[in-house]
2 protein chains.
Amino acid sequence: MCEAAAYILKPDGREELFLADVDIIEPDGENLRLVSIFGEQKIIKADIHSLNLINHKVLLVEKKP
Amino acid sequence: MCEAAAYILKPDGREELFLADVDIIEPDGENLRLVSIFGEQKIIKADIHSLNLINHKVLLVEKKP
């Protein structure tokens, strides 16, 4: 399977797991909507920072309020 | 393998292939740097718009100049 885990890249460089087994990430107004392969949905006010698909990793950065 | 194809999402909705077999997408200053599983690198002034990992698809949108 080719899903990935989505992490929030924190200002101090830490990576905090936000959602595992992600299939879809798409804009939802000012936010991103993530959908896992199990249909779980999460919304976050963030941008997609980077991808490492072979390592199944997506990094998000939260938008400033 | 879990690489994806990166397409540029055009203003008219067309999707133009930019790089196949992408492993890594990461910021490079104002640009994005894409690296394929074969080591091919391409730079584009764009943001990551959306992902559909089960369909092996990444959409980019070019930044306004």
# chains A, B, ... in the order shown; residues from 1 in each chain; ligands from 1
call {"tool": "closest_atom_pairs", "arguments": {"of": "chain A", "to": "chain B", "cutoff": "10 Å", "atoms": "only C-alpha atoms", "output": "tab-separated table"}}
result
residue	atom	partner	partner_atom	distance
A:Met1	CA	B:Ile54	CA	7.4
A:Cys2	CA	B:Cys2	CA	5.1
A:Glu3	CA	B:Leu53	CA	5.7
A:Ala4	CA	B:Leu53	CA	7.6
A:Asp21	CA	B:Leu53	CA	9.8
A:Val22	CA	B:Leu53	CA	7.6
A:Asp23	CA	B:Leu53	CA	5.0
A:Ile24	CA	B:Asn52	CA	4.6
A:Ile25	CA	B:Leu51	CA	5.0
A:Glu26	CA	B:Ser50	CA	4.5
A:Pro27	CA	B:Ser50	CA	6.8
A:Leu32	CA	B:Ser50	CA	8.7
A:Arg33	CA	B:Ser50	CA	9.5
A:Leu34	CA	B:Leu51	CA	9.3
A:Val35	CA	B:Asn52	CA	9.5
A:Ile37	CA	B:Ile54	CA	8.3
A:Asp47	CA	B:Ile48	CA	8.0
A:Ile48	CA	B:Ile48	CA	6.1
A:His49	CA	B:Glu26	CA	6.9
A:Ser50	CA	B:Glu26	CA	4.6
A:Leu51	CA	B:Ile25	CA	5.0
A:Asn52	CA	B:Ile24	CA	4.6
A:Leu53	CA	B:Asp23	CA	5.0
A:Ile54	CA	B:Cys2	CA	5.7
A:Asn55	CA	B:Asp23	CA	8.5
A:His56	CA	B:Cys2	CA	7.7
A:Lys57	CA	B:Ile24	CA	9.6
A:Val58	CA	B:Ile25	CA	9.5
A:Leu59	CA	B:Glu26	CA	9.5
call {"tool": "residues_around", "arguments": {"residues": "Glu30 in chain A", "least_positions_apart": "4", "cutoff": "9 Å", "atoms": "only C-alpha atoms", "output": "list of chain:residue names"}}
result
A:Ile44, A:Lys45, A:Ala46
call {"tool": "residues_around", "arguments": {"residues": "Leu17 in chain B", "least_positions_apart": "5", "cutoff": "8 Å", "atoms": "only C-alpha atoms", "output": "VMD selection string"}}
result
chain B and resid 5 to 8
call {"tool": "select_by_dssp", "arguments": {"residues": "range 5-62 of chain B", "states": "strand (DSSP E or B)", "output": "PyMOL selection string"}}
result
chain B and resi 5-9+15-28+31-36+41-44+46-52+57-62
call {"tool": "atom_distance", "arguments": {"atom1": "CA of Lys63 in chain A", "atom2": "CA of Pro65 in chain B"}}
result
21.8 Å
call {"tool": "atom_distance", "arguments": {"atom1": "CA of Asn31 in chain A", "atom2": "CA of Leu60 in chain B"}}
result
16.4 Å
call {"tool": "atom_distance", "arguments": {"atom1": "CA of Ile43 in chain B", "atom2": "CA of Glu16 in chain B"}}
result
15.1 Å
